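Enquirer: Got entry36.pdb for you, PDB, C-alpha atoms:
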ATOM      1  CA  MET A1486      57.763  91.236  17.787
ATOM      2  CA  ARG A1487      61.402  90.637  16.828
ATOM      3  CA  ALA A1488      61.868  94.262  15.814
ATOM      4  CA  ALA A1489      60.439  95.442  19.121
ATOM      5  CA  TYR A1490      62.632  92.985  21.022
ATOM      6  CA  ARG A1491      65.777  94.155  19.231
ATOM      7  CA  GLY A1492      64.881  97.787  19.783
ATOM      8  CA  LEU A1493      64.405  97.269  23.522
ATOM      9  CA  CYS A1494      67.647  95.293  23.747
ATOM     10  CA  LYS A1495      69.549  98.190  22.231
ATOM     11  CA  VAL A1496      67.988 100.659  24.661
ATOM     12  CA  HIS A1497      68.582  98.565  27.777
ATOM     13  CA  HIS A1498      71.895  96.867  26.868
ATOM     14  CA  PRO A1499      74.414  97.101  29.745
ATOM     15  CA  ASP A1500      77.105  98.424  27.402
ATOM     16  CA  VAL A1501      74.897 101.369  26.484
ATOM     17  CA  ASN A1502      74.019 102.027  30.158
ATOM     18  CA  SER A1503      77.527 101.850  31.616
ATOM     19  CA  GLY A1504      76.918  98.352  32.950
ATOM     20  CA  SER A1505      74.277  99.459  35.494
ATOM     21  CA  ALA A1506      72.632  96.740  37.561
ATOM     22  CA  GLU A1507      69.199  97.902  36.461
ATOM     23  CA  ALA A1508      70.145  97.585  32.788
ATOM     24  CA  VAL A1509      71.519  94.062  33.380
ATOM     25  CA  ALA A1510      68.298  92.987  35.113
ATOM     26  CA  ARG A1511      66.183  94.537  32.352
ATOM     27  CA  SER A1512      68.165  92.763  29.641
ATOM     28  CA  GLN A1513      67.757  89.429  31.432
ATOM     29  CA  GLU A1514      63.997  89.963  31.641
ATOM     30  CA  LEU A1515      63.809  90.787  27.935
ATOM     31  CA  ASN A1516      65.792  87.651  27.017
ATOM     32  CA  ALA A1517      63.599  85.449  29.197
ATOM     33  CA  ALA A1518      60.409  86.921  27.733
ATOM     34  CA  HIS A1519      61.743  86.483  24.192
ATOM     35  CA  GLU A1520      62.529  82.801  24.836
ATOM     36  CA  VAL A1521      58.978  82.164  26.090
ATOM     37  CA  LEU A1522      57.231  84.069  23.297
ATOM     38  CA  SER A1523      59.426  82.498  20.596
ATOM     39  CA  ASP A1524      58.463  78.942  21.613
ATOM     40  CA  PRO A1525      54.819  78.228  20.528
ATOM     41  CA  ALA A1526      54.215  75.662  23.270
ATOM     42  CA  ARG A1527      55.626  77.850  26.023
ATOM     43  CA  ARG A1528      53.693  80.843  24.687
ATOM     44  CA  ARG A1529      50.400  78.924  24.767
ATOM     45  CA  ALA A1530      51.115  77.887  28.326
ATOM     46  CA  TYR A1531      51.937  81.488  29.253
ATOM     47  CA  ASP A1532      48.733  82.789  27.633
ATOM     48  CA  ARG A1533      46.677  80.118  29.404
ATOM     49  CA  GLU A1534      48.200  81.018  32.775
ATOM     50  CA  LEU A1535      47.558  84.705  32.131
ATOM     51  CA  ARG A1536      43.890  84.047  31.301
ATOM     52  CA  GLU A1537      43.439  81.936  34.420
ATOM     53  CA  LYS A1538      44.932  84.642  36.631
ATOM     54  CA  SER A1539      42.700  87.294  35.063
ATOM     55  CA  ALA A1540      39.596  85.137  35.495
ATOM     56  CA  SER A1541      40.503  84.417  39.110
ATOM     57  CA  ALA A1542      41.022  88.116  39.878
ATOM     58  CA  ALA A1543      37.714  89.040  38.206
ATOM     59  CA  SER A1544      35.896  86.335  40.155
ATOM     60  CA  ALA A1545      37.371  87.603  43.416
ATOM     61  CA  ARG A1546      36.252  91.140  42.605
ATOM     62  CA  ARG A1547      32.736  89.944  41.810
ATOM     63  CA  GLY A1548      32.648  87.974  45.036
ATOM     64  CA  ARG A1549      33.509  91.030  47.107
ATOM     65  CA  ILE A1550      30.882  93.161  45.381
ATOM     66  CA  GLU A1551      28.134  90.558  45.647
ATOM     67  CA  ARG A1552      28.686  90.126  49.371
ATOM     68  CA  ASN A1553      28.230  93.835  50.065
ATOM     69  CA  VAL A1554      24.855  95.562  49.978
ATOM     70  CA  SER A1555      24.125  99.257  50.471
ATOM     71  CA  GLN A1556      21.042 101.237  51.377
ATOM     72  CA  ASP A1557      20.091 104.728  52.582
ATOM     73  CA  VAL A1558      18.626 105.142  56.069
ATOM     74  CA  HIS A1559      16.055 107.954  56.223
ATOM     75  CA  LEU A1560      15.734 109.603  59.621
ATOM     76  CA  ARG A1561      13.293 112.190  60.878
ATOM     77  CA  LEU A1562      14.792 115.439  62.130
ATOM     78  CA  GLU A1563      14.176 114.575  65.776
ATOM     79  CA  GLU A1564      15.883 111.183  65.310
ATOM     80  CA  VAL A1565      19.033 112.908  64.080
ATOM     81  CA  PHE A1566      19.259 114.734  67.424
ATOM     82  CA  ARG A1567      17.906 112.062  69.784
ATOM     83  CA  GLY A1568      19.168 108.908  68.088
ATOM     84  CA  ALA A1569      17.207 105.890  66.909
ATOM     85  CA  THR A1570      17.226 102.092  66.959
ATOM     86  CA  LEU A1571      16.338 100.525  63.619
ATOM     87  CA  GLU A1572      15.836  96.990  62.353
ATOM     88  CA  VAL A1573      17.557  96.341  59.040
ATOM     89  CA  ARG A1574      16.215  93.465  56.929
ATOM     90  CA  VAL A1575      18.099  92.098  53.947
ATOM     91  CA  LYS A1576      16.215  89.898  51.483
ATOM     92  CA  ASP A1577      18.890  88.382  49.259
ATOM     93  CA  PRO A1578      17.660  85.629  46.886
ATOM     94  CA  ALA A1579      21.183  84.183  46.920
ATOM     95  CA  ASN A1580      20.982  83.518  50.673
ATOM     96  CA  PRO A1581      19.637  79.972  51.261
ATOM     97  CA  ASN A1582      18.910  80.886  54.892
ATOM     98  CA  GLY A1583      16.303  83.452  53.887
ATOM     99  CA  GLN A1584      15.925  86.951  55.263
ATOM    100  CA  GLU A1585      18.744  88.507  57.280
ATOM    101  CA  SER A1586      17.945  90.813  60.190
ATOM    102  CA  TYR A1587      20.298  93.287  61.855
ATOM    103  CA  ARG A1588      20.018  96.012  64.483
ATOM    104  CA  LEU A1589      21.332  99.491  63.825
ATOM    105  CA  ASP A1590      21.805 101.879  66.753
ATOM    106  CA  VAL A1591      22.092 105.430  65.481
ATOM    107  CA  PRO A1592      23.669 107.589  68.223
ATOM    108  CA  PRO A1593      22.251 111.015  69.095
ATOM    109  CA  MET A1594      23.683 113.939  67.103
ATOM    110  CA  THR A1595      24.470 111.811  64.050
ATOM    111  CA  ALA A1596      25.228 113.992  61.045
ATOM    112  CA  PRO A1597      23.378 113.315  57.777
ATOM    113  CA  GLY A1598      25.730 111.546  55.398
ATOM    114  CA  THR A1599      27.237 109.378  58.161
ATOM    115  CA  ARG A1600      27.900 105.802  57.044
ATOM    116  CA  PHE A1601      27.531 102.630  59.081
ATOM    117  CA  LYS A1602      28.823  99.154  58.224
ATOM    118  CA  LEU A1603      27.209  96.045  59.662
ATOM    119  CA  PRO A1604      28.952  92.679  59.134
ATOM    120  CA  ARG A1605      26.749  90.163  57.347
ATOM    121  CA  THR A1606      26.192  86.667  58.686
ATOM    122  CA  GLY A1607      25.635  83.264  57.109
ATOM    123  CA  PRO A1608      27.102  82.534  53.676
ATOM    124  CA  PHE A1609      27.965  86.232  53.216
ATOM    125  CA  GLU A1610      29.892  86.623  56.456
ATOM    126  CA  ASN A1611      32.770  88.353  54.661
ATOM    127  CA  GLY A1612      30.420  91.047  53.337
ATOM    128  CA  THR A1613      28.849  94.098  54.917
ATOM    129  CA  VAL A1614      25.569  95.981  54.954
ATOM    130  CA  GLN A1615      26.560  99.575  54.215
ATOM    131  CA  LEU A1616      24.074 102.206  55.410
ATOM    132  CA  ARG A1617      24.145 105.956  54.786
ATOM    133  CA  VAL A1618      22.060 108.374  56.866
ATOM    134  CA  ARG A1619      19.690 110.641  54.964
ATOM    135  CA  LEU A1620      17.376 113.325  56.381
ATOM    136  CA  LEU A1621      13.668 113.087  55.693
ATOM    137  CA  PRO A1622      11.966 116.319  54.594
ATOM    138  CA  SER A1623      10.585 118.340  57.485
ATOM    139  CA  PHE A1624       7.464 120.499  57.423
ATOM    140  CA  ARG A1625       9.016 123.329  59.468
ATOM    141  CA  PHE A1626      12.723 123.125  58.667
ATOM    142  CA  LYS A1627      14.476 123.030  55.312
ATOM    143  CA  SER A1628      18.051 121.793  55.144
ATOM    144  CA  ARG A1629      20.982 122.975  53.071
ATOM    145  CA  GLY A1630      24.190 121.249  54.014
ATOM    146  CA  SER A1631      24.505 121.513  57.797
ATOM    147  CA  ASP A1632      22.326 124.636  57.957
ATOM    148  CA  LEU A1633      18.587 124.688  58.563
ATOM    149  CA  ARG A1634      16.049 127.313  57.601
ATOM    150  CA  CYS A1635      12.612 128.068  58.984
ATOM    151  CA  ASP A1636      10.006 130.853  59.025
ATOM    152  CA  LEU A1637       9.010 132.912  62.057
ATOM    153  CA  ARG A1638       5.759 134.875  61.728
ATOM    154  CA  ILE A1639       5.455 137.985  63.891
ATOM    155  CA  ASN A1640       2.991 140.878  63.990
ATOM    156  CA  ALA A1641       3.586 144.263  62.452
ATOM    157  CA  GLN A1642       4.031 145.914  65.843
ATOM    158  CA  ARG A1643       6.885 143.584  66.751
ATOM    159  CA  ALA A1644       8.485 144.210  63.390
ATOM    160  CA  GLN A1645       8.275 147.957  63.967
ATOM    161  CA  GLN A1646       9.385 148.073  67.599
ATOM    162  CA  GLY A1647      11.650 145.021  67.797
ATOM    163  CA  GLY A1648      11.975 142.695  70.784
ATOM    164  CA  ALA A1649      12.261 138.988  71.544
ATOM    165  CA  GLU A1650      10.253 136.068  70.160
ATOM    166  CA  ASN A1651      10.259 132.400  71.150
ATOM    167  CA  LEU A1652      10.913 129.581  68.702
ATOM    168  CA  THR A1653      11.156 125.810  69.160
ATOM    169  CA  GLY A1654      14.465 124.738  67.638
ATOM    170  CA  PRO A1655      15.061 121.634  65.518
ATOM    171  CA  SER A1656      16.349 119.689  68.531
ATOM    172  CA  GLY A1657      13.143 120.485  70.455
ATOM    173  CA  THR A1658      14.716 123.064  72.759
ATOM    174  CA  PRO A1659      13.189 126.578  73.055
ATOM    175  CA  LEU A1660      15.167 129.363  71.404
ATOM    176  CA  ARG A1661      15.032 133.122  71.950
ATOM    177  CA  VAL A1662      15.127 135.188  68.765
ATOM    178  CA  GLN A1663      16.004 138.860  69.031
ATOM    179  CA  ILE A1664      14.084 140.934  66.477
ATOM    180  CA  PRO A1665      15.691 144.259  65.552
ATOM    181  CA  ALA A1666      13.356 147.227  65.193
ATOM    182  CA  GLY A1667      12.227 147.953  61.649
ATOM    183  CA  ILE A1668      13.146 144.501  60.317
ATOM    184  CA  GLY A1669      12.093 143.852  56.728
ATOM    185  CA  ARG A1670       9.856 141.045  55.568
ATOM    186  CA  GLY A1671      11.882 138.079  54.380
ATOM    187  CA  GLU A1672      14.985 139.168  56.281
ATOM    188  CA  LEU A1673      17.081 136.317  57.687
ATOM    189  CA  LEU A1674      18.341 136.109  61.240
ATOM    190  CA  ARG A1675      21.185 133.655  61.861
ATOM    191  CA  LEU A1676      21.305 131.588  65.055
ATOM    192  CA  SER A1677      24.814 130.135  65.154
ATOM    193  CA  GLY A1678      25.230 126.501  66.187
ATOM    194  CA  GLU A1679      21.507 125.668  66.102
ATOM    195  CA  GLY A1680      21.504 123.736  62.824
ATOM    196  CA  LEU A1681      22.261 120.101  61.963
ATOM    197  CA  PRO A1682      25.161 118.123  63.411
ATOM    198  CA  LYS A1683      28.299 118.307  61.276
ATOM    199  CA  PRO A1684      30.275 115.190  60.280
ATOM    200  CA  ARG A1685      33.398 116.414  62.096
ATOM    201  CA  GLY A1686      31.677 117.825  65.142
ATOM    202  CA  GLY A1687      29.749 120.942  65.966
ATOM    203  CA  ARG A1688      26.552 122.129  64.336
ATOM    204  CA  GLY A1689      25.522 124.287  61.448
ATOM    205  CA  ASP A1690      23.396 127.410  61.793
ATOM    206  CA  LEU A1691      19.670 128.030  61.890
ATOM    207  CA  LEU A1692      18.454 130.722  59.490
ATOM    208  CA  VAL A1693      15.171 132.270  60.608
ATOM    209  CA  ARG A1694      13.182 134.106  57.929
ATOM    210  CA  ILE A1695      10.934 136.796  59.340
ATOM    211  CA  THR A1696       7.402 137.161  57.957
ATOM    212  CA  TYR A1697       4.613 139.467  59.029
ATOM    213  CA  PRO A1698       1.433 141.015  57.570
ATOM    214  CA  VAL A1699       1.463 144.592  56.365
ATOM    215  CA  ASN A1700      -1.482 146.765  57.359
ATOM    216  CA  VAL A1701      -3.141 148.200  54.276
ATOM    217  CA  THR A1702      -6.176 150.518  54.609
ATOM    218  CA  ILE A1703      -8.263 151.735  51.748
ATOM    219  CA  SER A1704     -10.688 154.677  51.919
ATOM    220  CA  ARG A1705     -12.646 156.671  49.418
ATOM    221  CA  ARG A1706     -11.546 160.169  48.614
ATOM    222  CA  SER A1707     -14.213 162.795  48.880
ATOM    223  CA  ALA A1708     -15.089 164.704  45.706
TER
END
Mind converting the file's structure to structure tokens?
Expert:
Amino acid sequence: MRAAYRGLCKVHHPDVNSGSAEAVARSQELNAAHEVLSDPARRRAYDRELREKSASAASARRGRIERNVSQDVHLRLEEVFRGATLEVRVKDPANPNGQESYRLDVPPMTAPGTRFKLPRTGPFENGTVQLRVRLLPSFRFKSRGSDLRCDLRINAQRAQQGGAENLTGPSGTPLRVQIPAGIGRGELLRLSGEGLPKPRGGRGDLLVRITYPVNVTISRRSA
């Protein structure tokens, strides 16, 4: 310790640093620290104070974490577009008042991934219930980011000649899909702005995969 102290004193001595105010302050701090650490009684008191401060800070951190709870909220596709009112129940064994109940109003056009914070009541009034919106799987639509994908089955004649087909979009509104003539099976048509709500506004796209049966005839060849 003494060797380290002497080495630091040489580095930060005002004479070596052209008498700078910073060097003077640093030297004073080193001298004060050396006096404390050189006296066994003062060092024990310093160590005890340091442990108490560390324990207090750790306890405060634990208190903040224990007061906060988090959970995912799973919404159906139609609830993402139309909104929903949910009852949130928190069963915390540490709450002497029993079960907590809160109301969550999810506005229409809420993007998946959106987070809500509800202030807790009772003995955990400084904490929050943190809720993150998740999308439940849909039978017709598959999600990838803010985009949605679905299948549209047409007949072979429509695939050959082209034309318009109707499709109910994810928000429940009817959509008109223009089919180009000679479209291939599995080809994707993009409907811009008909996907999921985005976190910063707007909507993703809807990718429509075209499927149709192929007419196959089999006949015997004459000998």
Enquirer: Using the chain letters and numbers from the file, give me the residues hit by the PyMOL selection byres ((chain A and resi 1676) around 8), as a count of residues only.
Expert: 9
Enquirer: Need the neighbours of (-1.3, 145.8, 58.0): which residues are at most 12 Å away, counting all atoms listed in the file, as number ranges by chain?
Expert: A: 1639-1642, 1644-1645, 1697-1703
Enquirer: For Gly1686 of chain A, find every residue with an atom within 10 Å (counting only C-alpha atoms), except residues of its own chain fewer than 4 positions away, and show them as an NGL selection string.
Expert: :A and (1594-1596 or 1682)
Enquirer: Considering all atoms listed in the file, tabulate each residue of segment 1579-1671 of chain A that lies at most 10 Å from segment 1564-1567 of chain A along with its nearest interatomic pair and the corresponding distance in Å to one decimal; arrange the rows by chain and ascending residue number and present them as JSON lines.
Expert:
{"residue": "A:Val1591", "atom": "CA", "partner": "A:Val1565", "partner_atom": "CA", "distance": 8.2}
{"residue": "A:Pro1592", "atom": "CA", "partner": "A:Arg1567", "partner_atom": "CA", "distance": 7.5}
{"residue": "A:Pro1593", "atom": "CA", "partner": "A:Arg1567", "partner_atom": "CA", "distance": 4.5}
{"residue": "A:Met1594", "atom": "CA", "partner": "A:Phe1566", "partner_atom": "CA", "distance": 4.5}
{"residue": "A:Thr1595", "atom": "CA", "partner": "A:Val1565", "partner_atom": "CA", "distance": 5.5}
{"residue": "A:Ala1596", "atom": "CA", "partner": "A:Val1565", "partner_atom": "CA", "distance": 7.0}
{"residue": "A:Pro1597", "atom": "CA", "partner": "A:Val1565", "partner_atom": "CA", "distance": 7.7}
{"residue": "A:Val1618", "atom": "CA", "partner": "A:Val1565", "partner_atom": "CA", "distance": 9.0}
{"residue": "A:Arg1619", "atom": "CA", "partner": "A:Val1565", "partner_atom": "CA", "distance": 9.4}
{"residue": "A:Leu1620", "atom": "CA", "partner": "A:Val1565", "partner_atom": "CA", "distance": 7.9}
{"residue": "A:Leu1621", "atom": "CA", "partner": "A:Val1565", "partner_atom": "CA", "distance": 10.0}
{"residue": "A:Pro1655", "atom": "CA", "partner": "A:Phe1566", "partner_atom": "CA", "distance": 8.3}
{"residue": "A:Ser1656", "atom": "CA", "partner": "A:Phe1566", "partner_atom": "CA", "distance": 5.9}
{"residue": "A:Gly1657", "atom": "CA", "partner": "A:Phe1566", "partner_atom": "CA", "distance": 8.9}
Enquirer: Evaluated on this file, the PyMOL selection byres ((chain A and resi 1653) around 12) picks out some residues - which ones are they, written as a ChimeraX atom specification?
Expert: /A:1625-1626,1635-1637,1650-1652,1654-1662,1679,1691,1693
Enquirer: In Å to one decimal, how far is atom CA of Glu1563 of chain A from atom CA of Phe1624 of chain A?
Expert: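 Atom CA of Glu1563 of chain A lies 12.2 Å from atom CA of Phe1624 of chain A.
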Enquirer: With only C-alpha atoms as the atoms that count, which of A:Pro1525, A:Pro1665, A:Gly1689, A:Gly1671 lies nearest to Arg1638 of chain A?
Expert: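 Checking each of A:Pro1525, A:Pro1665, A:Gly1689, A:Gly1671 against Arg1638 of chain A, counting only C-alpha atoms, the winner is A:Gly1671.
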Enquirer: Selected by the PyMOL selection byres ((chain A and resi 1631) around 8) in the shown coordinates: which residues, as a ChimeraX atom specification?
Expert: /A:1628-1630,1632-1633,1680-1683,1688-1690
Enquirer: Taking all atoms listed in the file into account, name the residue in A:Arg1694, A:Arg1705, A:Arg1643, A:Arg1605 that is nearest to Glu1551 of chain A.
Expert: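 Using all atoms listed in the file, Glu1551 of chain A sits closest to A:Arg1605.
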Enquirer: How many Å separate atom CA of Gly1612 of chain A from atom CA of Val1554 of chain A?
Expert: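 For atom CA of Gly1612 of chain A relative to atom CA of Val1554 of chain A, the distance reads 7.9 Å.
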Enquirer: Interatomic distance between atom CA of Glu1537 of chain A and atom CA of Glu1520 of chain A?
Expert: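 Interatomic distance, atom CA of Glu1537 of chain A to atom CA of Glu1520 of chain A: 21.4 Å.
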Enquirer: Pick the closest to Asn1553 of chain A from A:Ile1664, A:Ala1649, A:Leu1616, A:Leu1535: which is it, counting all atoms listed in the file?
Expert: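 For Asn1553 of chain A, the nearest of the candidates is A:Leu1616.
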Enquirer: With only C-alpha atoms as the counted atoms, please give the residues lying no more than 6 Å from Arg1617 of chain A, apart from itself and same-chain residues fewer than 6 positions off, as a ChimeraX atom specification.
Expert: /A:1557-1558,1598-1600
Enquirer: Quick one: write out the picked residues with C-alpha atoms as a short mmCIF file (atom, residue, chain, number, x, y, z; two decimals), in the frame of the given file?
Expert:
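selection.cif, freshly written:
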data_model
loop_
_atom_site.label_atom_id
_atom_site.label_comp_id
_atom_site.auth_asym_id
_atom_site.auth_seq_id
_atom_site.Cartn_x
_atom_site.Cartn_y
_atom_site.Cartn_z
CA ASP A 1557 20.09 104.73 52.58
CA VAL A 1558 18.63 105.14 56.07
CA GLY A 1598 25.73 111.55 55.40
CA THR A 1599 27.24 109.38 58.16
CA ARG A 1600 27.90 105.80 57.04
#
Enquirer: Taking the partial coordinates given, rebuild segment 1526-1537 of chain A to contain all heavy atoms; return it as a PDB file, in the coordinates of the input.
Expert:
ATOM      1  N   ALA A1526      54.791  76.410  22.158  1.00  0.00           N
ATOM      2  CA  ALA A1526      54.215  75.662  23.270  1.00  0.00           C
ATOM      3  C   ALA A1526      54.297  76.459  24.563  1.00  0.00           C
ATOM      4  O   ALA A1526      53.325  76.525  25.343  1.00  0.00           O
ATOM      5  CB  ALA A1526      54.937  74.323  23.430  1.00  0.00           C
ATOM      6  N   ARG A1527      55.457  77.065  24.801  1.00  0.00           N
ATOM      7  CA  ARG A1527      55.626  77.850  26.023  1.00  0.00           C
ATOM      8  C   ARG A1527      54.741  79.101  25.994  1.00  0.00           C
ATOM      9  O   ARG A1527      54.223  79.534  27.024  1.00  0.00           O
ATOM     10  CB  ARG A1527      57.093  78.238  26.195  1.00  0.00           C
ATOM     11  CG  ARG A1527      58.012  77.039  26.411  1.00  0.00           C
ATOM     12  CD  ARG A1527      59.467  77.446  26.514  1.00  0.00           C
ATOM     13  NE  ARG A1527      59.718  78.226  27.722  1.00  0.00           N
ATOM     14  CZ  ARG A1527      60.922  78.737  28.030  1.00  0.00           C
ATOM     15  NH1 ARG A1527      61.943  78.564  27.202  1.00  0.00           N
ATOM     16  NH2 ARG A1527      61.095  79.428  29.140  1.00  0.00           N
ATOM     17  N   ARG A1528      54.550  79.655  24.785  1.00  0.00           N
ATOM     18  CA  ARG A1528      53.693  80.843  24.687  1.00  0.00           C
ATOM     19  C   ARG A1528      52.241  80.483  24.972  1.00  0.00           C
ATOM     20  O   ARG A1528      51.525  81.240  25.634  1.00  0.00           O
ATOM     21  CB  ARG A1528      53.819  81.469  23.294  1.00  0.00           C
ATOM     22  CG  ARG A1528      52.893  82.658  23.126  1.00  0.00           C
ATOM     23  CD  ARG A1528      53.296  83.550  22.008  1.00  0.00           C
ATOM     24  NE  ARG A1528      52.465  84.747  21.958  1.00  0.00           N
ATOM     25  CZ  ARG A1528      52.723  85.822  21.236  1.00  0.00           C
ATOM     26  NH1 ARG A1528      53.823  85.847  20.472  1.00  0.00           N
ATOM     27  NH2 ARG A1528      51.919  86.860  21.243  1.00  0.00           N
ATOM     28  N   ARG A1529      51.774  79.334  24.482  1.00  0.00           N
ATOM     29  CA  ARG A1529      50.400  78.924  24.767  1.00  0.00           C
ATOM     30  C   ARG A1529      50.200  78.720  26.262  1.00  0.00           C
ATOM     31  O   ARG A1529      49.169  79.085  26.831  1.00  0.00           O
ATOM     32  CB  ARG A1529      50.060  77.644  23.992  1.00  0.00           C
ATOM     33  CG  ARG A1529      49.817  77.866  22.503  1.00  0.00           C
ATOM     34  CD  ARG A1529      49.167  76.655  21.864  1.00  0.00           C
ATOM     35  NE  ARG A1529      50.033  75.473  21.942  1.00  0.00           N
ATOM     36  CZ  ARG A1529      50.934  75.152  21.009  1.00  0.00           C
ATOM     37  NH1 ARG A1529      51.092  75.919  19.927  1.00  0.00           N
ATOM     38  NH2 ARG A1529      51.672  74.062  21.128  1.00  0.00           N
ATOM     39  N   ALA A1530      51.211  78.105  26.885  1.00  0.00           N
ATOM     40  CA  ALA A1530      51.115  77.887  28.326  1.00  0.00           C
ATOM     41  C   ALA A1530      51.090  79.218  29.085  1.00  0.00           C
ATOM     42  O   ALA A1530      50.338  79.393  30.062  1.00  0.00           O
ATOM     43  CB  ALA A1530      52.286  77.032  28.806  1.00  0.00           C
ATOM     44  N   TYR A1531      51.898  80.165  28.621  1.00  0.00           N
ATOM     45  CA  TYR A1531      51.937  81.488  29.253  1.00  0.00           C
ATOM     46  C   TYR A1531      50.588  82.200  29.100  1.00  0.00           C
ATOM     47  O   TYR A1531      50.056  82.771  30.049  1.00  0.00           O
ATOM     48  CB  TYR A1531      53.060  82.321  28.630  1.00  0.00           C
ATOM     49  CG  TYR A1531      53.062  83.765  29.059  1.00  0.00           C
ATOM     50  CD1 TYR A1531      53.592  84.138  30.291  1.00  0.00           C
ATOM     51  CD2 TYR A1531      52.532  84.754  28.232  1.00  0.00           C
ATOM     52  CE1 TYR A1531      53.582  85.476  30.688  1.00  0.00           C
ATOM     53  CE2 TYR A1531      52.514  86.084  28.625  1.00  0.00           C
ATOM     54  CZ  TYR A1531      53.057  86.436  29.853  1.00  0.00           C
ATOM     55  OH  TYR A1531      53.047  87.753  30.237  1.00  0.00           O
ATOM     56  N   ASP A1532      50.031  82.153  27.879  1.00  0.00           N
ATOM     57  CA  ASP A1532      48.733  82.789  27.633  1.00  0.00           C
ATOM     58  C   ASP A1532      47.637  82.160  28.483  1.00  0.00           C
ATOM     59  O   ASP A1532      46.752  82.850  29.007  1.00  0.00           O
ATOM     60  CB  ASP A1532      48.371  82.694  26.149  1.00  0.00           C
ATOM     61  CG  ASP A1532      49.264  83.568  25.277  1.00  0.00           C
ATOM     62  OD1 ASP A1532      49.907  84.485  25.828  1.00  0.00           O
ATOM     63  OD2 ASP A1532      49.330  83.323  24.060  1.00  0.00           O
ATOM     64  N   ARG A1533      47.684  80.811  28.606  1.00  0.00           N
ATOM     65  CA  ARG A1533      46.677  80.118  29.404  1.00  0.00           C
ATOM     66  C   ARG A1533      46.784  80.536  30.878  1.00  0.00           C
ATOM     67  O   ARG A1533      45.768  80.788  31.543  1.00  0.00           O
ATOM     68  CB  ARG A1533      46.850  78.609  29.256  1.00  0.00           C
ATOM     69  CG  ARG A1533      45.776  77.817  30.002  1.00  0.00           C
ATOM     70  CD  ARG A1533      45.832  76.340  29.641  1.00  0.00           C
ATOM     71  NE  ARG A1533      47.124  75.750  29.914  1.00  0.00           N
ATOM     72  CZ  ARG A1533      48.021  75.397  28.984  1.00  0.00           C
ATOM     73  NH1 ARG A1533      47.737  75.583  27.692  1.00  0.00           N
ATOM     74  NH2 ARG A1533      49.188  74.866  29.314  1.00  0.00           N
ATOM     75  N   GLU A1534      47.990  80.614  31.379  1.00  0.00           N
ATOM     76  CA  GLU A1534      48.200  81.018  32.775  1.00  0.00           C
ATOM     77  C   GLU A1534      47.728  82.455  32.999  1.00  0.00           C
ATOM     78  O   GLU A1534      47.114  82.769  34.030  1.00  0.00           O
ATOM     79  CB  GLU A1534      49.680  80.899  33.132  1.00  0.00           C
ATOM     80  CG  GLU A1534      49.992  81.262  34.592  1.00  0.00           C
ATOM     81  CD  GLU A1534      51.470  81.147  34.910  1.00  0.00           C
ATOM     82  OE1 GLU A1534      52.237  80.745  34.002  1.00  0.00           O
ATOM     83  OE2 GLU A1534      51.854  81.468  36.047  1.00  0.00           O
ATOM     84  N   LEU A1535      47.982  83.317  32.018  1.00  0.00           N
ATOM     85  CA  LEU A1535      47.558  84.705  32.131  1.00  0.00           C
ATOM     86  C   LEU A1535      46.035  84.820  32.163  1.00  0.00           C
ATOM     87  O   LEU A1535      45.467  85.585  32.959  1.00  0.00           O
ATOM     88  CB  LEU A1535      48.131  85.512  30.971  1.00  0.00           C
ATOM     89  CG  LEU A1535      47.963  87.034  31.031  1.00  0.00           C
ATOM     90  CD1 LEU A1535      48.700  87.596  32.238  1.00  0.00           C
ATOM     91  CD2 LEU A1535      48.488  87.673  29.754  1.00  0.00           C
ATOM     92  N   ARG A1536      45.356  84.027  31.304  1.00  0.00           N
ATOM     93  CA  ARG A1536      43.890  84.047  31.301  1.00  0.00           C
ATOM     94  C   ARG A1536      43.321  83.537  32.620  1.00  0.00           C
ATOM     95  O   ARG A1536      42.332  84.071  33.142  1.00  0.00           O
ATOM     96  CB  ARG A1536      43.365  83.206  30.131  1.00  0.00           C
ATOM     97  CG  ARG A1536      43.549  83.843  28.758  1.00  0.00           C
ATOM     98  CD  ARG A1536      42.715  83.133  27.709  1.00  0.00           C
ATOM     99  NE  ARG A1536      43.096  81.726  27.582  1.00  0.00           N
ATOM    100  CZ  ARG A1536      44.029  81.278  26.749  1.00  0.00           C
ATOM    101  NH1 ARG A1536      44.692  82.130  25.960  1.00  0.00           N
ATOM    102  NH2 ARG A1536      44.314  79.990  26.673  1.00  0.00           N
ATOM    103  N   GLU A1537      43.929  82.494  33.163  1.00  0.00           N
ATOM    104  CA  GLU A1537      43.439  81.936  34.420  1.00  0.00           C
ATOM    105  C   GLU A1537      43.586  82.932  35.573  1.00  0.00           C
ATOM    106  O   GLU A1537      42.706  83.071  36.415  1.00  0.00           O
ATOM    107  CB  GLU A1537      44.183  80.641  34.744  1.00  0.00           C
ATOM    108  CG  GLU A1537      43.829  79.487  33.809  1.00  0.00           C
ATOM    109  CD  GLU A1537      44.695  78.260  34.059  1.00  0.00           C
ATOM    110  OE1 GLU A1537      45.651  78.374  34.864  1.00  0.00           O
ATOM    111  OE2 GLU A1537      44.425  77.202  33.461  1.00  0.00           O
TER     112      GLU A1537
END
